[in-house]
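**Student:** Got a structure for you, written out below as C-alpha cells; questions coming shortly.
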There are 2 protein chains.
Amino acid sequence: MTVRSGATILMEGSASPHLYTVLSGWGFRYKMLDDGRRQILNFVFAGDLIGLQGSLMEEMQHSIEALSTFTLCVFQKDGLPKLFGNLPRLAFDVTWLAAREEIMLDEHLLSVGQRSALERAAYLIAFLYQRAKAVRMLNGQNVIPVTQQHIADSLGLSLVHTNKTLKKLADRKALSWGEGGCSVLDEAVLLDISGWEGLPALKRVYI
Amino acid sequence: MTVRSGATILMEGSASPHLYTVLSGWGFRYKMLDDGRRQILNFVFAGDLIGLQGSLMEEMQHSIEALSTFTLCVFQKDGLPKLFGNLPRLAFDVTWLAAREEIMLDEHLLSVGQRSALERAAYLIAFLYQRAKAVRMLNGQNVIPVTQQHIADSLGLSLVHTNKTLKKLADRKALSWGEGGCSVLDEAVLLDISGWEGLPALKRVYI
DNA sequence: CGCGGTCTTGATGCTGTTCAATTGGCGTGG
DNA sequence: CCACGCCAATTGAACAGCATCAAGACCGCG
C-alpha cells in the first residue's frame, strides 16, 4: 500500500482492521485536544509497526499521518492471535518493538517535562537524525522532512518560540533550515546541548 | 517479595535478571537528568508488569520506586522466550500490557505538552483515581499516597506552582490534601476541568 | 526539644505565549 | 507571463504563566 504525504493513515477512535509495517517513508503519531491543540507523540520510520493498539484494543487512541510518500505492508489484525500461536519468534519481536516504543516515549516525556526549549529542540533533532540514520533514510543533505510546526507540536512549544529556538541552533552551526526541512550539520553539538546520550544500542528487529 | 515505601526496585542502567508482577502497593517509574531534574513517567499499580524492558533489552532505561509497601511476584527473565514458546495466551497478554502502557504514556505526553497547569493537574489526579479504583486500591477516604513533589515531577511543573494549582482544585472542592496524600472529592469536576474522557474501557488482563 | 520533611504563601523575574506584520517560494488561473 | 493566494518561515513587541527565591507553619520522629 502506498500513501501520499499529508495523508492520514489511521484515525483516533477508528477500529482499524489492519496492522501495518512501514516499508519506507516518514510519518508521525499524534493526539489532538478538542480545541485543536496537537501533540506529536513520536515519529514513524521504516521497520516500525503501526496499528498494534487498534489490533489489541477496541480502537486506536492516536492518529498517524504521513510526512512523505509512505509505503506500508498490510496485515489483517485477526492474524495476531495466530501469530502468537504459530510464530513465537515473531510474536516476541512484536513485543520487543512495543517495548522500544515505550523507551522512546519515556525519553520524550522526560524532554517535554524537564528540559528547556533549547535542550528539547536539540534533543529532538538529534533523535530524528539518529533514527533516520539507523534505517538509512537520509539523503545526502541529511534533511529531515518536517515543518517547524511539526517540531513545535512535538516539543510542546509555540511555533514562534520554536522558530527562535531553532535559530539559536542554526547560529551555533548545529543545523540549518530549508530545502523542505531541517538539515543536521553538527550532531555532536546537538547532543552536547541536549545532554542526551543518544539512542541506546539495541539489536535490530525486522518484521 | 516485599519492598518498603521509598525503596528503589529497579535502577536505570541496571541489567535486572528479573521480571515482576505487582501484587499490591503503589509505585512509580521515573527518569532523571544529570543535574537532578526528575520526570515521573507513570505510576505502577497492582496487576502491572515491571522490568519488561530489562528483560527484552540490555538494560533498564528508567527506575522504579515504591510509594507504599509493595509486594511483587518475581520471574526469571530468561523464562520470557519460553513463555512465548509455550504459553502464547500469556505472551499475548504481556504484549497487551505493553500496548496499554503506551496508551497511558501517550495521554501523559499530550497532557504535559499541551494542557495548562490546571488541566494537567486535574487530569493526573483523575487518572490516578480511576486507575486505583479499577484495581480496588482506594481506602474509604480515596487517598492517593503521593507528595506534591511527586505530582510536580509528574506534571513537569515546579513544586511551588503545583501547590498553587492544587489549591485551586481544592478551592473548587475537587480534592483535598492531607492524611498522607490527595483525597478525591469530586471526580466529575476533575474530568471537566481537564477535558479528559477518562480511561478507555479496556478488557482486564491478569498475569 | 530540635530537626527534617512537607505544605503554604508572597514577591520578583525569566521563559515562553500571543498578537501582529512581513517575507519569499510555489502552484494556479487569468 | 504575471497576478494572486496560500503556506512556511521570520521577526518585534507586549504580555502571561510558571519558575525561583525566600520565609514560615505544621507535624512526626529521634
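Identifiers for the C-alpha cells are assigned positionally: chains receive A, B, ... in sequence, residues are indexed from 1 per chain, and ligands are indexed from 1 in the order shown.
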If the cut-off is 10 Å, can you tell me the residues of chain A near chain C, counting only C-alpha atoms (C1' of nucleotides)? I'd like them as a PyMOL selection string.
**Tutor:** chain A and resi 116-117+157-162
**Student:** Write to file, as an mmCIF file, in the first residue's frame, the residues of the selection just made, with all heavy atoms.
**Tutor:**
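Output below, filename selection26.cif:
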```cif
data_model
loop_
_atom_site.group_PDB
_atom_site.id
_atom_site.type_symbol
_atom_site.label_atom_id
_atom_site.label_comp_id
_atom_site.auth_asym_id
_atom_site.auth_seq_id
_atom_site.Cartn_x
_atom_site.Cartn_y
_atom_site.Cartn_z
ATOM 1 N N SER A 116 14.729 22.402 28.957
ATOM 2 C CA SER A 116 14.425 23.746 28.458
ATOM 3 C C SER A 116 14.149 23.666 26.957
ATOM 4 O O SER A 116 14.402 22.648 26.321
ATOM 5 C CB SER A 116 15.607 24.673 28.703
ATOM 6 O OG SER A 116 16.673 24.311 27.853
ATOM 7 N N ALA A 117 13.649 24.760 26.409
ATOM 8 C CA ALA A 117 13.300 24.778 24.983
ATOM 9 C C ALA A 117 14.515 24.418 24.120
ATOM 10 O O ALA A 117 14.412 23.613 23.196
ATOM 11 C CB ALA A 117 12.766 26.153 24.597
ATOM 12 N N LEU A 157 5.872 23.356 22.335
ATOM 13 C CA LEU A 157 6.181 24.789 22.339
ATOM 14 C C LEU A 157 5.365 25.479 21.257
ATOM 15 O O LEU A 157 4.863 24.833 20.332
ATOM 16 C CB LEU A 157 7.670 25.016 22.051
ATOM 17 C CG LEU A 157 8.672 24.501 23.066
ATOM 18 C CD1 LEU A 157 10.080 24.627 22.517
ATOM 19 C CD2 LEU A 157 8.536 25.250 24.381
ATOM 20 N N SER A 158 5.258 26.804 21.341
ATOM 21 C CA SER A 158 4.561 27.550 20.291
ATOM 22 C C SER A 158 5.439 27.588 19.053
ATOM 23 O O SER A 158 6.653 27.426 19.118
ATOM 24 C CB SER A 158 4.268 28.966 20.762
ATOM 25 O OG SER A 158 5.466 29.705 20.827
ATOM 26 N N LEU A 159 4.787 27.820 17.929
ATOM 27 C CA LEU A 159 5.523 27.903 16.670
ATOM 28 C C LEU A 159 6.555 29.018 16.702
ATOM 29 O O LEU A 159 7.695 28.839 16.278
ATOM 30 C CB LEU A 159 4.535 28.147 15.519
ATOM 31 C CG LEU A 159 5.150 28.342 14.142
ATOM 32 C CD1 LEU A 159 5.955 27.115 13.737
ATOM 33 C CD2 LEU A 159 4.062 28.621 13.122
ATOM 34 N N VAL A 160 6.165 30.159 17.227
ATOM 35 C CA VAL A 160 7.064 31.311 17.270
ATOM 36 C C VAL A 160 8.319 31.015 18.101
ATOM 37 O O VAL A 160 9.447 31.272 17.667
ATOM 38 C CB VAL A 160 6.346 32.548 17.836
ATOM 39 C CG1 VAL A 160 7.320 33.681 18.062
ATOM 40 C CG2 VAL A 160 5.236 32.984 16.894
ATOM 41 N N HIS A 161 8.095 30.470 19.264
ATOM 42 C CA HIS A 161 9.253 30.210 20.118
ATOM 43 C C HIS A 161 10.115 29.084 19.570
ATOM 44 O O HIS A 161 11.333 29.085 19.743
ATOM 45 C CB HIS A 161 8.810 29.897 21.535
ATOM 46 C CG HIS A 161 9.912 30.072 22.531
ATOM 47 N ND1 HIS A 161 10.461 29.018 23.219
ATOM 48 C CD2 HIS A 161 10.605 31.161 22.914
ATOM 49 C CE1 HIS A 161 11.420 29.472 24.004
ATOM 50 N NE2 HIS A 161 11.533 30.766 23.836
ATOM 51 N N THR A 162 9.491 28.141 18.910
ATOM 52 C CA THR A 162 10.238 27.072 18.256
ATOM 53 C C THR A 162 11.156 27.666 17.188
ATOM 54 O O THR A 162 12.336 27.311 17.088
ATOM 55 C CB THR A 162 9.275 26.065 17.617
ATOM 56 O OG1 THR A 162 8.491 25.463 18.649
ATOM 57 C CG2 THR A 162 10.026 24.977 16.877
#
```
**Student:** Please determine the contact residues of chain B with respect to chain A at a cut-off of 6 Å, counting only C-alpha atoms, and supply them as a list of chain:residue names.
**Tutor:**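 Residues satisfying the distance criterion: B:Gln39, B:Phe84, B:Gly85, B:Pro88, B:Thr95, B:Leu109, B:Leu110, B:Gly113, B:Gln114, B:Gly156.
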**Student:** Okay, now the selection with N, CA and C atoms, as an mmCIF file, in the first residue's frame?
**Tutor:**
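The result, stored in again.cif:
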```cif
data_model
loop_
_atom_site.group_PDB
_atom_site.id
_atom_site.type_symbol
_atom_site.label_atom_id
_atom_site.label_comp_id
_atom_site.auth_asym_id
_atom_site.auth_seq_id
_atom_site.Cartn_x
_atom_site.Cartn_y
_atom_site.Cartn_z
ATOM 1 N N GLN B 39 11.717 13.287 36.048
ATOM 2 C CA GLN B 39 10.412 13.194 35.406
ATOM 3 C C GLN B 39 9.775 11.863 35.782
ATOM 4 N N PHE B 84 6.866 -17.298 25.480
ATOM 5 C CA PHE B 84 6.345 -17.088 24.129
ATOM 6 C C PHE B 84 6.202 -18.418 23.383
ATOM 7 N N GLY B 85 7.096 -19.336 23.680
ATOM 8 C CA GLY B 85 7.031 -20.624 23.003
ATOM 9 C C GLY B 85 5.902 -21.503 23.504
ATOM 10 N N PRO B 88 1.337 -19.054 24.575
ATOM 11 C CA PRO B 88 1.040 -17.925 23.684
ATOM 12 C C PRO B 88 -0.046 -17.004 24.232
ATOM 13 N N THR B 95 2.085 -8.542 25.812
ATOM 14 C CA THR B 95 2.086 -7.550 24.745
ATOM 15 C C THR B 95 0.941 -6.564 24.924
ATOM 16 N N LEU B 109 1.875 12.429 27.721
ATOM 17 C CA LEU B 109 2.664 13.310 26.862
ATOM 18 C C LEU B 109 1.777 14.416 26.302
ATOM 19 N N LEU B 110 0.588 14.062 25.886
ATOM 20 C CA LEU B 110 -0.381 15.064 25.430
ATOM 21 C C LEU B 110 -0.613 16.084 26.531
ATOM 22 N N GLY B 113 2.615 18.200 27.256
ATOM 23 C CA GLY B 113 2.949 19.045 26.124
ATOM 24 C C GLY B 113 1.930 20.130 25.834
ATOM 25 N N GLN B 114 0.656 19.848 26.044
ATOM 26 C CA GLN B 114 -0.375 20.767 25.562
ATOM 27 C C GLN B 114 -1.292 21.350 26.631
ATOM 28 N N GLY B 156 5.657 17.976 35.282
ATOM 29 C CA GLY B 156 6.665 18.843 34.683
ATOM 30 C C GLY B 156 6.527 20.278 35.151
#
```
**Student:** What are the residues of chain D lining chain A at 10 Å or less? Count only C-alpha atoms (C1' of nucleotides), and put the answer as an MDAnalysis selection string.
**Tutor:** chainID D and resid 8:11
**Student:** So which one's closest to D:DC27, B:Asp48, B:Asp192, B:Glu179, B:Glu65? Using only C-alpha atoms (C1' of nucleotides), please.
**Tutor:** B:Glu179
**Student:** Using DSSP secondary structure from the backbone, list all helix (DSSP H, G or I) positions within stretch 7-180 of chain B, as a PDB file with C-alpha atoms, in the first residue's frame.
**Tutor:**
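Below is the file result_13.pdb, written as the result:
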```pdb
ATOM      1  CA  LEU B  52       9.984  -5.938  30.851  1.00  0.00           C
ATOM      2  CA  GLN B  53      12.488  -3.527  29.316  1.00  0.00           C
ATOM      3  CA  GLY B  54      15.313  -5.033  31.304  1.00  0.00           C
ATOM      4  CA  SER B  55      14.235  -8.414  30.062  1.00  0.00           C
ATOM      5  CA  LEU B  56      13.979  -7.518  26.405  1.00  0.00           C
ATOM      6  CA  GLY B  79      11.785 -17.520  31.109  1.00  0.00           C
ATOM      7  CA  LEU B  80      10.355 -14.992  28.687  1.00  0.00           C
ATOM      8  CA  PRO B  81      11.307 -16.694  25.427  1.00  0.00           C
ATOM      9  CA  LYS B  82       9.957 -19.917  26.886  1.00  0.00           C
ATOM     10  CA  LEU B  83       6.745 -18.123  27.745  1.00  0.00           C
ATOM     11  CA  PHE B  84       6.345 -17.088  24.129  1.00  0.00           C
ATOM     12  CA  GLY B  85       7.031 -20.624  23.003  1.00  0.00           C
ATOM     13  CA  ASN B  86       4.793 -22.446  25.419  1.00  0.00           C
ATOM     14  CA  PRO B  88       1.040 -17.925  23.684  1.00  0.00           C
ATOM     15  CA  ARG B  89      -2.071 -16.765  25.562  1.00  0.00           C
ATOM     16  CA  LEU B  90       0.090 -15.305  28.306  1.00  0.00           C
ATOM     17  CA  ALA B  91       2.598 -13.891  25.851  1.00  0.00           C
ATOM     18  CA  PHE B  92      -0.292 -12.109  24.173  1.00  0.00           C
ATOM     19  CA  ASP B  93      -1.276 -10.605  27.499  1.00  0.00           C
ATOM     20  CA  VAL B  94       2.265  -9.331  28.069  1.00  0.00           C
ATOM     21  CA  THR B  95       2.086  -7.550  24.745  1.00  0.00           C
ATOM     22  CA  TRP B  96      -1.349  -6.244  25.594  1.00  0.00           C
ATOM     23  CA  LEU B  97       0.029  -4.733  28.792  1.00  0.00           C
ATOM     24  CA  ALA B  98       2.864  -3.107  26.858  1.00  0.00           C
ATOM     25  CA  ALA B  99       0.341  -1.567  24.461  1.00  0.00           C
ATOM     26  CA  ARG B 100      -1.730  -0.297  27.366  1.00  0.00           C
ATOM     27  CA  GLU B 101       1.350   1.314  28.893  1.00  0.00           C
ATOM     28  CA  GLU B 102       1.899   3.081  25.597  1.00  0.00           C
ATOM     29  CA  ILE B 103      -1.664   4.408  25.646  1.00  0.00           C
ATOM     30  CA  MET B 104      -1.132   5.852  29.117  1.00  0.00           C
ATOM     31  CA  LEU B 105       2.180   7.393  28.111  1.00  0.00           C
ATOM     32  CA  ASP B 106       0.617   8.966  25.038  1.00  0.00           C
ATOM     33  CA  GLU B 107      -2.018  10.633  27.170  1.00  0.00           C
ATOM     34  CA  HIS B 108       0.607  11.886  29.660  1.00  0.00           C
ATOM     35  CA  LEU B 109       2.664  13.310  26.862  1.00  0.00           C
ATOM     36  CA  LEU B 110      -0.381  15.064  25.430  1.00  0.00           C
ATOM     37  CA  SER B 111      -1.005  16.444  28.889  1.00  0.00           C
ATOM     38  CA  VAL B 112       2.495  17.696  29.626  1.00  0.00           C
ATOM     39  CA  GLY B 113       2.949  19.045  26.124  1.00  0.00           C
ATOM     40  CA  GLN B 114      -0.375  20.767  25.562  1.00  0.00           C
ATOM     41  CA  ALA B 117      -1.134  23.574  34.647  1.00  0.00           C
ATOM     42  CA  LEU B 118      -4.688  23.370  35.943  1.00  0.00           C
ATOM     43  CA  GLU B 119      -5.822  20.980  33.221  1.00  0.00           C
ATOM     44  CA  ARG B 120      -2.765  18.833  33.729  1.00  0.00           C
ATOM     45  CA  ALA B 121      -3.182  18.564  37.466  1.00  0.00           C
ATOM     46  CA  ALA B 122      -6.877  17.742  37.152  1.00  0.00           C
ATOM     47  CA  TYR B 123      -6.111  15.103  34.558  1.00  0.00           C
ATOM     48  CA  LEU B 124      -3.384  13.466  36.623  1.00  0.00           C
ATOM     49  CA  ILE B 125      -5.417  13.221  39.802  1.00  0.00           C
ATOM     50  CA  ALA B 126      -8.415  11.875  37.887  1.00  0.00           C
ATOM     51  CA  PHE B 127      -6.162   9.391  36.154  1.00  0.00           C
ATOM     52  CA  LEU B 128      -4.656   8.128  39.398  1.00  0.00           C
ATOM     53  CA  TYR B 129      -8.089   7.937  40.926  1.00  0.00           C
ATOM     54  CA  GLN B 130      -9.530   5.912  38.073  1.00  0.00           C
ATOM     55  CA  ARG B 131      -6.631   3.513  37.922  1.00  0.00           C
ATOM     56  CA  ALA B 132      -6.638   2.968  41.669  1.00  0.00           C
ATOM     57  CA  LYS B 133     -10.376   2.457  41.659  1.00  0.00           C
ATOM     58  CA  ALA B 134     -10.121  -0.083  38.864  1.00  0.00           C
ATOM     59  CA  GLN B 148       3.094  17.248  45.969  1.00  0.00           C
ATOM     60  CA  GLN B 149       6.671  16.763  44.814  1.00  0.00           C
ATOM     61  CA  HIS B 150       5.589  13.575  43.059  1.00  0.00           C
ATOM     62  CA  ILE B 151       2.744  15.400  41.359  1.00  0.00           C
ATOM     63  CA  ALA B 152       5.091  18.219  40.358  1.00  0.00           C
ATOM     64  CA  ASP B 153       7.644  15.819  38.871  1.00  0.00           C
ATOM     65  CA  SER B 154       4.911  14.034  37.022  1.00  0.00           C
ATOM     66  CA  LEU B 155       3.385  17.203  35.589  1.00  0.00           C
ATOM     67  CA  LEU B 159       6.716  22.324  43.382  1.00  0.00           C
ATOM     68  CA  VAL B 160       5.533  25.829  44.219  1.00  0.00           C
ATOM     69  CA  HIS B 161       3.358  26.179  41.185  1.00  0.00           C
ATOM     70  CA  THR B 162       1.978  22.692  41.674  1.00  0.00           C
ATOM     71  CA  ASN B 163       0.978  23.641  45.190  1.00  0.00           C
ATOM     72  CA  LYS B 164      -0.827  26.743  43.968  1.00  0.00           C
ATOM     73  CA  THR B 165      -2.527  24.784  41.210  1.00  0.00           C
ATOM     74  CA  LEU B 166      -3.698  22.067  43.590  1.00  0.00           C
ATOM     75  CA  LYS B 167      -5.062  24.768  45.858  1.00  0.00           C
ATOM     76  CA  LYS B 168      -7.278  25.950  43.023  1.00  0.00           C
ATOM     77  CA  LEU B 169      -8.611  22.427  42.649  1.00  0.00           C
ATOM     78  CA  ALA B 170      -9.157  22.257  46.395  1.00  0.00           C
ATOM     79  CA  ASP B 171     -10.995  25.610  46.285  1.00  0.00           C
TER      80      ASP B 171
END
```
